[in-house]
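Here is the structure we will look at.
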Amino acid sequence: MLQIIKSNVATGLALVASLTLTAAFAESDASTPYMGIVGGRIGTNIQKEREEVIKRSKPGNPVAGKEKSQLCQGCHGEFGISTNSLIPKLAGQYGGYISKQVRNYQSGTRTHQIMSAMAATVSDDDLADIAAYFAALSKMQGDGSADNKFGKKLFSNNDSTKMGLACINCHGEKGKGLEPPISAFPVLGGQHKGYIRQQLLMFREGSRTNCPNGIMNRMAGSLTDTEIESLAEYVSAQ
Ligand code: HEC
Ligand code: HEC
């Protein structure tokens with residue numbers, strides 16, 4: 001029940017924020033197509049937010065993408081926040097990463113019964129805009145409730161993983177992405193715990209192999225079940 005209330009409140013806030021920002025941008029710069037749909041935090045530095053959003057969404061047009069992504073919104077949420085924990089949130093994910101994944105589903109480098117079929121419906125022309133729509137939304141956020149110290153240590157300290165390389169090096173502070181952003185390294189902070197756990201298990205067992213140079217297969221290959229659980233709990237709460 002609490003969960004339902006929380007998610008309704010979040011949706012409501014995103015809507016209010018997006019309307020507020022629409023008004024703000026309509027006044028300040030009506031020529032920028034990006035800004036009409038951005039669900040953002042009210043009262044933050046709008047100029048900075050705008051620059052960030054443009055970086056995340058390039059090269060597509062999020063306004064066009066909003067219409068084109070109706071089908072996708074059915075599962076991934078109108079504001080990119082899915083409710084099923086095995087369906088990833090896409091809000092604020094990098095456009096480049098979203099496009100790459102859809103192309104991987106299309107070519108069969110990444111497979112999933114549902115998503116492979118969904119990806120087949122997307123044309124090359126539409127993909128960049130759809131990706132830009134989700135990228136332009138306020139970044140996914142966890143509820144901060146899980147404070148998994150072991151997961152945090154594994155995520156952040158190079159000497160705590162058997163690989164000698166911590167997640168933070170590629171996925172950024174709290175999994176929020178690198179600064180400046182590199183779209184090859186997806187945002188993980190605030191993603192569903194169930195989805196993070198499942199992907200790490202798939203990388204480890206080798207049923208997901210679309211990561212460049214098998215980086216994630218090697219990273220996950222050295223993790224135990226307990227470590228995967230702790231990492232998923234820590235990063236999903238951010
Ligand atoms: C019927 C539900 C459903 C619909 C509709 C759907 N998806 Fe998905 N999507 C999923 C599921 C489930 C996954 C996780 C698949 C996996 O584990 O590989 C996923 C994964 C993804 C991912 C990978 C995200 C990541 O973090 O790696 C992207 C990108 C994506 N979907 C984009 C889209 C786009 C674009 C559309 C519209 C054309 C779409 N999806 C429509 C269910 C759906
Ligand atoms: C050297 C860079 C690097 C390091 C270190 C790294 N990753 Fe990744 N990770 C990547 C790349 C690149 C991808 C995207 C793979 C693709 O294109 O499909 C990825 C993808 C993922 C995904 C899938 C996200 C999604 O939305 O589907 C998860 C989960 C993940 N990493 C978790 C971790 C964790 C946990 C660690 C630390 C144990 C870690 N990564 C360390 C580079 C890295």
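So you can find residues: chains in the structure tokens are A, B, ... in the order shown, residues in each start at 1, and ligands are numbered from 1 in order.
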
Using 7 Å as the limit and counting only C-alpha atoms and all ligand atoms, can you tabulate each residue of chain A that touches ligand 2, with its shortest atom-to-atom distance in Å and the two atoms involved, as a Markdown table?
```
| residue | atom | partner | partner_atom_place_in_ligand_line | distance |
| --- | --- | --- | --- | --- |
| A:Pro88 | CA | ligand 2 | 26 (O) | 6.7 |
| A:Tyr97 | CA | ligand 2 | 17 (O) | 6.7 |
| A:Lys100 | CA | ligand 2 | 17 (O) | 6.8 |
| A:Gln101 | CA | ligand 2 | 18 (O) | 6.3 |
| A:Leu154 | CA | ligand 2 | 38 (C) | 6.7 |
| A:Phe155 | CA | ligand 2 | 37 (C) | 5.5 |
| A:Leu165 | CA | ligand 2 | 5 (C) | 5.5 |
| A:Ala166 | CA | ligand 2 | 37 (C) | 5.2 |
| A:Cys167 | CA | ligand 2 | 37 (C) | 3.4 |
| A:Ile168 | CA | ligand 2 | 5 (C) | 6.8 |
| A:Asn169 | CA | ligand 2 | 5 (C) | 5.5 |
| A:Cys170 | CA | ligand 2 | 2 (C) | 4.4 |
| A:His171 | CA | ligand 2 | 7 (N) | 6.3 |
| A:Ala184 | CA | ligand 2 | 12 (C) | 5.3 |
| A:Phe185 | CA | ligand 2 | 11 (C) | 4.7 |
| A:Pro186 | CA | ligand 2 | 24 (C) | 5.9 |
| A:Val187 | CA | ligand 2 | 26 (O) | 6.9 |
| A:Leu188 | CA | ligand 2 | 24 (C) | 6.2 |
| A:Ile196 | CA | ligand 2 | 29 (C) | 4.4 |
| A:Arg197 | CA | ligand 2 | 29 (C) | 6.9 |
| A:Gln199 | CA | ligand 2 | 29 (C) | 5.4 |
| A:Leu200 | CA | ligand 2 | 29 (C) | 5.4 |
| A:Asn210 | CA | ligand 2 | 18 (O) | 4.9 |
| A:Cys211 | CA | ligand 2 | 15 (C) | 3.8 |
| A:Pro212 | CA | ligand 2 | 12 (C) | 6.0 |
| A:Ile215 | CA | ligand 2 | 1 (C) | 6.0 |
| A:Met216 | CA | ligand 2 | 8 (Fe) | 5.3 |
| A:Met219 | CA | ligand 2 | 38 (C) | 5.6 |
| A:Ala220 | CA | ligand 2 | 38 (C) | 6.2 |
| A:Leu231 | CA | ligand 2 | 35 (C) | 5.7 |
```

Within 7 Å of ligand 1 (only C-alpha atoms and all ligand atoms), residues as a VMD selection string:
chain A and resid 69 71 to 76 86 to 90 98 to 99 101 to 102 110 to 112 114 to 115 118 to 119 121 to 122 130 to 131 199

Those same residues, written as a PDB file, in the first residue's frame with N, CA and C atoms?
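As a result, again-v8.pdb now contains:
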```pdb
ATOM      1  N   SER A  69       7.374   6.798 -28.256  1.00  0.00           N
ATOM      2  CA  SER A  69       7.669   5.783 -27.239  1.00  0.00           C
ATOM      3  C   SER A  69       6.430   5.330 -26.467  1.00  0.00           C
ATOM      4  N   LEU A  71       4.382   2.863 -26.874  1.00  0.00           N
ATOM      5  CA  LEU A  71       4.392   1.423 -26.629  1.00  0.00           C
ATOM      6  C   LEU A  71       5.350   1.083 -25.476  1.00  0.00           C
ATOM      7  N   CYS A  72       6.505   1.675 -25.533  1.00  0.00           N
ATOM      8  CA  CYS A  72       7.538   1.418 -24.517  1.00  0.00           C
ATOM      9  C   CYS A  72       7.070   1.878 -23.139  1.00  0.00           C
ATOM     10  N   GLN A  73       6.376   3.010 -23.114  1.00  0.00           N
ATOM     11  CA  GLN A  73       5.899   3.568 -21.841  1.00  0.00           C
ATOM     12  C   GLN A  73       4.944   2.600 -21.133  1.00  0.00           C
ATOM     13  N   GLY A  74       4.290   1.748 -21.926  1.00  0.00           N
ATOM     14  CA  GLY A  74       3.369   0.769 -21.348  1.00  0.00           C
ATOM     15  C   GLY A  74       4.046  -0.117 -20.317  1.00  0.00           C
ATOM     16  N   CYS A  75       5.302  -0.448 -20.516  1.00  0.00           N
ATOM     17  CA  CYS A  75       6.035  -1.265 -19.538  1.00  0.00           C
ATOM     18  C   CYS A  75       7.057  -0.456 -18.748  1.00  0.00           C
ATOM     19  N   HIS A  76       7.730   0.485 -19.427  1.00  0.00           N
ATOM     20  CA  HIS A  76       8.814   1.220 -18.752  1.00  0.00           C
ATOM     21  C   HIS A  76       8.297   2.455 -18.021  1.00  0.00           C
ATOM     22  N   LEU A  86      11.597  -6.350 -12.497  1.00  0.00           N
ATOM     23  CA  LEU A  86      12.432  -6.972 -13.535  1.00  0.00           C
ATOM     24  C   LEU A  86      12.376  -6.193 -14.853  1.00  0.00           C
ATOM     25  N   ILE A  87      11.613  -5.111 -14.860  1.00  0.00           N
ATOM     26  CA  ILE A  87      11.597  -4.218 -16.031  1.00  0.00           C
ATOM     27  C   ILE A  87      12.399  -2.976 -15.649  1.00  0.00           C
ATOM     28  N   PRO A  88      13.512  -2.737 -16.353  1.00  0.00           N
ATOM     29  CA  PRO A  88      14.382  -1.638 -15.911  1.00  0.00           C
ATOM     30  C   PRO A  88      13.751  -0.257 -16.040  1.00  0.00           C
ATOM     31  N   LYS A  89      14.101   0.622 -15.098  1.00  0.00           N
ATOM     32  CA  LYS A  89      13.753   2.037 -15.238  1.00  0.00           C
ATOM     33  C   LYS A  89      14.644   2.599 -16.343  1.00  0.00           C
ATOM     34  N   LEU A  90      14.114   3.505 -17.120  1.00  0.00           N
ATOM     35  CA  LEU A  90      14.907   4.136 -18.186  1.00  0.00           C
ATOM     36  C   LEU A  90      15.075   5.634 -17.936  1.00  0.00           C
ATOM     37  N   ILE A  98      20.796   3.453 -24.143  1.00  0.00           N
ATOM     38  CA  ILE A  98      19.475   2.908 -24.503  1.00  0.00           C
ATOM     39  C   ILE A  98      19.491   2.454 -25.965  1.00  0.00           C
ATOM     40  N   SER A  99      20.015   3.313 -26.851  1.00  0.00           N
ATOM     41  CA  SER A  99      20.064   2.960 -28.277  1.00  0.00           C
ATOM     42  C   SER A  99      20.886   1.700 -28.500  1.00  0.00           C
ATOM     43  N   GLN A 101      21.435  -0.780 -26.484  1.00  0.00           N
ATOM     44  CA  GLN A 101      20.737  -1.975 -26.023  1.00  0.00           C
ATOM     45  C   GLN A 101      19.647  -2.397 -27.012  1.00  0.00           C
ATOM     46  N   VAL A 102      18.890  -1.410 -27.524  1.00  0.00           N
ATOM     47  CA  VAL A 102      17.828  -1.751 -28.490  1.00  0.00           C
ATOM     48  C   VAL A 102      18.458  -2.370 -29.747  1.00  0.00           C
ATOM     49  N   ARG A 110      21.942  -9.343 -27.599  1.00  0.00           N
ATOM     50  CA  ARG A 110      21.296  -9.468 -26.285  1.00  0.00           C
ATOM     51  C   ARG A 110      19.911 -10.022 -26.561  1.00  0.00           C
ATOM     52  N   THR A 111      19.493 -11.016 -25.793  1.00  0.00           N
ATOM     53  CA  THR A 111      18.183 -11.601 -26.096  1.00  0.00           C
ATOM     54  C   THR A 111      17.279 -11.625 -24.874  1.00  0.00           C
ATOM     55  N   HIS A 112      16.012 -11.392 -25.141  1.00  0.00           N
ATOM     56  CA  HIS A 112      14.978 -11.495 -24.111  1.00  0.00           C
ATOM     57  C   HIS A 112      13.669 -11.653 -24.865  1.00  0.00           C
ATOM     58  N   ILE A 114      10.551 -10.899 -24.556  1.00  0.00           N
ATOM     59  CA  ILE A 114       9.690  -9.736 -24.794  1.00  0.00           C
ATOM     60  C   ILE A 114      10.442  -8.609 -25.488  1.00  0.00           C
ATOM     61  N   MET A 115      11.598  -8.243 -24.917  1.00  0.00           N
ATOM     62  CA  MET A 115      12.297  -7.070 -25.444  1.00  0.00           C
ATOM     63  C   MET A 115      12.802  -7.269 -26.865  1.00  0.00           C
ATOM     64  N   MET A 118       9.931  -6.363 -28.924  1.00  0.00           N
ATOM     65  CA  MET A 118       9.670  -4.915 -28.865  1.00  0.00           C
ATOM     66  C   MET A 118      10.685  -4.150 -29.709  1.00  0.00           C
ATOM     67  N   ALA A 119      11.943  -4.538 -29.594  1.00  0.00           N
ATOM     68  CA  ALA A 119      13.010  -3.823 -30.318  1.00  0.00           C
ATOM     69  C   ALA A 119      12.808  -3.925 -31.822  1.00  0.00           C
ATOM     70  N   THR A 121      10.247  -3.615 -33.410  1.00  0.00           N
ATOM     71  CA  THR A 121       9.254  -2.658 -33.911  1.00  0.00           C
ATOM     72  C   THR A 121       9.847  -1.247 -34.101  1.00  0.00           C
ATOM     73  N   VAL A 122      11.089  -1.052 -33.662  1.00  0.00           N
ATOM     74  CA  VAL A 122      11.660   0.306 -33.674  1.00  0.00           C
ATOM     75  C   VAL A 122      12.522   0.530 -34.917  1.00  0.00           C
ATOM     76  N   ILE A 130      13.391   8.163 -29.339  1.00  0.00           N
ATOM     77  CA  ILE A 130      12.830   7.412 -28.202  1.00  0.00           C
ATOM     78  C   ILE A 130      13.842   7.395 -27.053  1.00  0.00           C
ATOM     79  N   ALA A 131      15.100   7.123 -27.406  1.00  0.00           N
ATOM     80  CA  ALA A 131      16.154   7.079 -26.374  1.00  0.00           C
ATOM     81  C   ALA A 131      16.286   8.447 -25.719  1.00  0.00           C
ATOM     82  N   GLN A 199      20.676  -9.037 -13.757  1.00  0.00           N
ATOM     83  CA  GLN A 199      21.682  -8.786 -14.806  1.00  0.00           C
ATOM     84  C   GLN A 199      23.060  -9.258 -14.350  1.00  0.00           C
TER      85      GLN A 199
END
```

Distance in Å - atom CA of Gly77 of chain A versus atom CA of Lys152 of chain A:
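Going from atom CA of Gly77 of chain A over to atom CA of Lys152 of chain A covers 28.2 Å.
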
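Close contacts of Tyr94 of chain A, defined as residues with an atom at most 6 Å away when counting only C-alpha atoms, with chain neighbours fewer than 3 positions off set aside, comprise A:Arg56, A:Tyr97, A:Ala135, A:Ser183.
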
Okay, now the selection with N, CA and C atoms, as an mmCIF file, in the first residue's frame?
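Printed below is again.cif as written:
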```
data_model
loop_
_atom_site.group_PDB
_atom_site.id
_atom_site.type_symbol
_atom_site.label_atom_id
_atom_site.label_comp_id
_atom_site.auth_asym_id
_atom_site.auth_seq_id
_atom_site.Cartn_x
_atom_site.Cartn_y
_atom_site.Cartn_z
ATOM 1 N N ARG A 56 22.823 14.078 -21.907
ATOM 2 C CA ARG A 56 22.282 12.718 -21.760
ATOM 3 C C ARG A 56 21.486 12.285 -22.980
ATOM 4 N N TYR A 97 23.318 4.683 -24.390
ATOM 5 C CA TYR A 97 23.219 3.333 -23.834
ATOM 6 C C TYR A 97 21.890 2.684 -24.228
ATOM 7 N N ALA A 135 15.998 9.548 -21.776
ATOM 8 C CA ALA A 135 17.210 10.155 -21.213
ATOM 9 C C ALA A 135 16.923 11.523 -20.606
ATOM 10 N N SER A 183 28.395 7.566 -22.160
ATOM 11 C CA SER A 183 27.129 6.843 -22.296
ATOM 12 C C SER A 183 27.301 5.326 -22.394
#
```

With only C-alpha atoms as the atoms that count, which of A:Ala232, A:Ala117, A:Leu201, A:Ala91 lies nearest to Gln141 of chain A?
A:Ala91

Check segment 100-181 of chain A with DSSP on the backbone and list each residue it calls helix (DSSP H, G or I), as a PyMOL selection string.
chain A and resi 100-107+113-119+124-136+149-156+158-160+168-171+173-175

Could you name the residues that touch Ser57 of chain A at 12 Å or less, counting only C-alpha atoms, but leaving out those on the same chain fewer than 6 positions away, as a PDB file with N, CA, C and O atoms, in the first residue's frame?
```pdb
ATOM      1  N   PRO A  33      13.940  22.517 -28.172  1.00  0.00           N
ATOM      2  CA  PRO A  33      12.892  21.504 -28.141  1.00  0.00           C
ATOM      3  C   PRO A  33      12.978  20.596 -26.926  1.00  0.00           C
ATOM      4  O   PRO A  33      12.002  20.008 -26.501  1.00  0.00           O
ATOM      5  N   TYR A  34      14.173  20.474 -26.343  1.00  0.00           N
ATOM      6  CA  TYR A  34      14.381  19.522 -25.268  1.00  0.00           C
ATOM      7  C   TYR A  34      13.528  19.786 -24.049  1.00  0.00           C
ATOM      8  O   TYR A  34      13.125  18.889 -23.345  1.00  0.00           O
ATOM      9  N   MET A  35      13.309  21.067 -23.760  1.00  0.00           N
ATOM     10  CA  MET A  35      12.944  21.393 -22.398  1.00  0.00           C
ATOM     11  C   MET A  35      11.481  21.204 -22.053  1.00  0.00           C
ATOM     12  O   MET A  35      11.133  21.141 -20.899  1.00  0.00           O
ATOM     13  N   VAL A  38      10.943  17.836 -19.862  1.00  0.00           N
ATOM     14  CA  VAL A  38      11.843  17.365 -18.826  1.00  0.00           C
ATOM     15  C   VAL A  38      11.157  17.346 -17.477  1.00  0.00           C
ATOM     16  O   VAL A  38      10.717  18.368 -16.993  1.00  0.00           O
ATOM     17  N   ARG A  50      19.534  21.889 -17.735  1.00  0.00           N
ATOM     18  CA  ARG A  50      19.365  21.889 -19.181  1.00  0.00           C
ATOM     19  C   ARG A  50      20.615  21.325 -19.877  1.00  0.00           C
ATOM     20  O   ARG A  50      20.514  20.487 -20.757  1.00  0.00           O
ATOM     21  N   GLU A  51      21.801  21.764 -19.430  1.00  0.00           N
ATOM     22  CA  GLU A  51      23.032  21.272 -20.061  1.00  0.00           C
ATOM     23  C   GLU A  51      23.179  19.769 -19.858  1.00  0.00           C
ATOM     24  O   GLU A  51      23.549  19.037 -20.764  1.00  0.00           O
ATOM     25  N   VAL A  63      11.274  15.503 -27.590  1.00  0.00           N
ATOM     26  CA  VAL A  63       9.870  15.891 -27.786  1.00  0.00           C
ATOM     27  C   VAL A  63       9.218  14.943 -28.796  1.00  0.00           C
ATOM     28  O   VAL A  63       8.138  14.404 -28.578  1.00  0.00           O
ATOM     29  N   GLY A  65      10.348  12.028 -29.402  1.00  0.00           N
ATOM     30  CA  GLY A  65      10.429  10.698 -28.792  1.00  0.00           C
ATOM     31  C   GLY A  65       9.283  10.384 -27.856  1.00  0.00           C
ATOM     32  O   GLY A  65       8.939   9.223 -27.666  1.00  0.00           O
ATOM     33  N   LEU A  90      14.114   3.505 -17.120  1.00  0.00           N
ATOM     34  CA  LEU A  90      14.907   4.136 -18.186  1.00  0.00           C
ATOM     35  C   LEU A  90      15.075   5.634 -17.936  1.00  0.00           C
ATOM     36  O   LEU A  90      15.817   6.302 -18.651  1.00  0.00           O
ATOM     37  N   ALA A  91      14.406   6.177 -16.921  1.00  0.00           N
ATOM     38  CA  ALA A  91      14.436   7.623 -16.675  1.00  0.00           C
ATOM     39  C   ALA A  91      15.846   8.113 -16.376  1.00  0.00           C
ATOM     40  O   ALA A  91      16.471   7.665 -15.417  1.00  0.00           O
ATOM     41  N   GLY A  92      16.351   9.003 -17.226  1.00  0.00           N
ATOM     42  CA  GLY A  92      17.672   9.583 -17.011  1.00  0.00           C
ATOM     43  C   GLY A  92      18.818   8.669 -17.412  1.00  0.00           C
ATOM     44  O   GLY A  92      19.978   9.001 -17.212  1.00  0.00           O
ATOM     45  N   GLN A  93      18.479   7.511 -17.981  1.00  0.00           N
ATOM     46  CA  GLN A  93      19.538   6.624 -18.512  1.00  0.00           C
ATOM     47  C   GLN A  93      20.135   7.324 -19.734  1.00  0.00           C
ATOM     48  O   GLN A  93      19.478   8.129 -20.388  1.00  0.00           O
ATOM     49  N   TYR A  94      21.384   7.054 -20.071  1.00  0.00           N
ATOM     50  CA  TYR A  94      21.983   7.710 -21.234  1.00  0.00           C
ATOM     51  C   TYR A  94      21.307   7.273 -22.532  1.00  0.00           C
ATOM     52  O   TYR A  94      21.083   6.077 -22.752  1.00  0.00           O
ATOM     53  N   GLY A  95      21.059   8.255 -23.408  1.00  0.00           N
ATOM     54  CA  GLY A  95      20.474   7.952 -24.708  1.00  0.00           C
ATOM     55  C   GLY A  95      21.329   6.964 -25.488  1.00  0.00           C
ATOM     56  O   GLY A  95      20.821   6.026 -26.100  1.00  0.00           O
ATOM     57  N   GLY A  96      22.638   7.171 -25.445  1.00  0.00           N
ATOM     58  CA  GLY A  96      23.556   6.289 -26.191  1.00  0.00           C
ATOM     59  C   GLY A  96      23.465   4.853 -25.706  1.00  0.00           C
ATOM     60  O   GLY A  96      23.517   3.908 -26.498  1.00  0.00           O
ATOM     61  N   TYR A  97      23.318   4.683 -24.390  1.00  0.00           N
ATOM     62  CA  TYR A  97      23.219   3.333 -23.834  1.00  0.00           C
ATOM     63  C   TYR A  97      21.890   2.684 -24.228  1.00  0.00           C
ATOM     64  O   TYR A  97      21.849   1.513 -24.639  1.00  0.00           O
ATOM     65  N   ILE A  98      20.796   3.453 -24.143  1.00  0.00           N
ATOM     66  CA  ILE A  98      19.475   2.908 -24.503  1.00  0.00           C
ATOM     67  C   ILE A  98      19.491   2.454 -25.965  1.00  0.00           C
ATOM     68  O   ILE A  98      19.078   1.336 -26.293  1.00  0.00           O
ATOM     69  N   SER A  99      20.015   3.313 -26.851  1.00  0.00           N
ATOM     70  CA  SER A  99      20.064   2.960 -28.277  1.00  0.00           C
ATOM     71  C   SER A  99      20.886   1.700 -28.500  1.00  0.00           C
ATOM     72  O   SER A  99      20.498   0.821 -29.266  1.00  0.00           O
ATOM     73  N   LEU A 127      14.665   5.481 -33.221  1.00  0.00           N
ATOM     74  CA  LEU A 127      15.387   5.032 -32.031  1.00  0.00           C
ATOM     75  C   LEU A 127      16.049   6.172 -31.251  1.00  0.00           C
ATOM     76  O   LEU A 127      15.909   6.261 -30.032  1.00  0.00           O
ATOM     77  N   ALA A 128      16.745   7.063 -31.962  1.00  0.00           N
ATOM     78  CA  ALA A 128      17.463   8.135 -31.257  1.00  0.00           C
ATOM     79  C   ALA A 128      16.480   9.021 -30.496  1.00  0.00           C
ATOM     80  O   ALA A 128      16.758   9.462 -29.372  1.00  0.00           O
ATOM     81  N   ASP A 129      15.294   9.274 -31.087  1.00  0.00           N
ATOM     82  CA  ASP A 129      14.313  10.141 -30.424  1.00  0.00           C
ATOM     83  C   ASP A 129      13.705   9.454 -29.198  1.00  0.00           C
ATOM     84  O   ASP A 129      13.512  10.070 -28.157  1.00  0.00           O
ATOM     85  N   ILE A 130      13.391   8.163 -29.339  1.00  0.00           N
ATOM     86  CA  ILE A 130      12.830   7.412 -28.202  1.00  0.00           C
ATOM     87  C   ILE A 130      13.842   7.395 -27.053  1.00  0.00           C
ATOM     88  O   ILE A 130      13.511   7.660 -25.898  1.00  0.00           O
ATOM     89  N   ALA A 131      15.100   7.123 -27.406  1.00  0.00           N
ATOM     90  CA  ALA A 131      16.154   7.079 -26.374  1.00  0.00           C
ATOM     91  C   ALA A 131      16.286   8.447 -25.719  1.00  0.00           C
ATOM     92  O   ALA A 131      16.433   8.553 -24.495  1.00  0.00           O
ATOM     93  N   ALA A 132      16.198   9.504 -26.532  1.00  0.00           N
ATOM     94  CA  ALA A 132      16.346  10.862 -25.997  1.00  0.00           C
ATOM     95  C   ALA A 132      15.206  11.202 -25.039  1.00  0.00           C
ATOM     96  O   ALA A 132      15.408  11.888 -24.033  1.00  0.00           O
ATOM     97  N   TYR A 133      14.003  10.704 -25.335  1.00  0.00           N
ATOM     98  CA  TYR A 133      12.865  10.985 -24.442  1.00  0.00           C
ATOM     99  C   TYR A 133      13.137  10.450 -23.043  1.00  0.00           C
ATOM    100  O   TYR A 133      13.038  11.167 -22.041  1.00  0.00           O
ATOM    101  N   PHE A 134      13.523   9.166 -22.967  1.00  0.00           N
ATOM    102  CA  PHE A 134      13.762   8.584 -21.646  1.00  0.00           C
ATOM    103  C   PHE A 134      14.978   9.233 -20.977  1.00  0.00           C
ATOM    104  O   PHE A 134      14.991   9.464 -19.766  1.00  0.00           O
ATOM    105  N   ALA A 135      15.998   9.548 -21.776  1.00  0.00           N
ATOM    106  CA  ALA A 135      17.210  10.155 -21.213  1.00  0.00           C
ATOM    107  C   ALA A 135      16.923  11.523 -20.606  1.00  0.00           C
ATOM    108  O   ALA A 135      17.542  11.922 -19.625  1.00  0.00           O
ATOM    109  N   ALA A 136      15.960  12.243 -21.202  1.00  0.00           N
ATOM    110  CA  ALA A 136      15.685  13.609 -20.757  1.00  0.00           C
ATOM    111  C   ALA A 136      14.878  13.677 -19.466  1.00  0.00           C
ATOM    112  O   ALA A 136      14.794  14.726 -18.833  1.00  0.00           O
ATOM    113  N   LEU A 137      14.298  12.579 -19.042  1.00  0.00           N
ATOM    114  CA  LEU A 137      13.497  12.587 -17.816  1.00  0.00           C
ATOM    115  C   LEU A 137      14.414  12.645 -16.582  1.00  0.00           C
ATOM    116  O   LEU A 137      15.579  12.266 -16.653  1.00  0.00           O
ATOM    117  N   SER A 138      13.867  13.108 -15.479  1.00  0.00           N
ATOM    118  CA  SER A 138      14.655  13.168 -14.232  1.00  0.00           C
ATOM    119  C   SER A 138      15.258  11.815 -13.933  1.00  0.00           C
ATOM    120  O   SER A 138      14.565  10.803 -13.995  1.00  0.00           O
ATOM    121  N   LYS A 139      16.541  11.815 -13.565  1.00  0.00           N
ATOM    122  CA  LYS A 139      17.233  10.562 -13.308  1.00  0.00           C
ATOM    123  C   LYS A 139      16.504   9.701 -12.281  1.00  0.00           C
ATOM    124  O   LYS A 139      16.024  10.208 -11.272  1.00  0.00           O
ATOM    125  N   PRO A 181      29.746  12.692 -18.448  1.00  0.00           N
ATOM    126  CA  PRO A 181      29.094  11.422 -18.745  1.00  0.00           C
ATOM    127  C   PRO A 181      29.746  10.638 -19.890  1.00  0.00           C
ATOM    128  O   PRO A 181      30.211  11.237 -20.851  1.00  0.00           O
ATOM    129  N   ILE A 182      29.802   9.334 -19.733  1.00  0.00           N
ATOM    130  CA  ILE A 182      30.224   8.456 -20.832  1.00  0.00           C
ATOM    131  C   ILE A 182      29.076   7.465 -21.018  1.00  0.00           C
ATOM    132  O   ILE A 182      28.801   6.645 -20.131  1.00  0.00           O
ATOM    133  N   SER A 183      28.395   7.566 -22.160  1.00  0.00           N
ATOM    134  CA  SER A 183      27.129   6.843 -22.296  1.00  0.00           C
ATOM    135  C   SER A 183      27.301   5.326 -22.394  1.00  0.00           C
ATOM    136  O   SER A 183      26.343   4.585 -22.261  1.00  0.00           O
TER     137      SER A 183
END
```

Which residue is closest to Lys162 of chain A? Choose from A:Glu67, A:Asp124, A:Glu205, A:Glu227 and count only C-alpha atoms.
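Closest candidate: A:Glu227.
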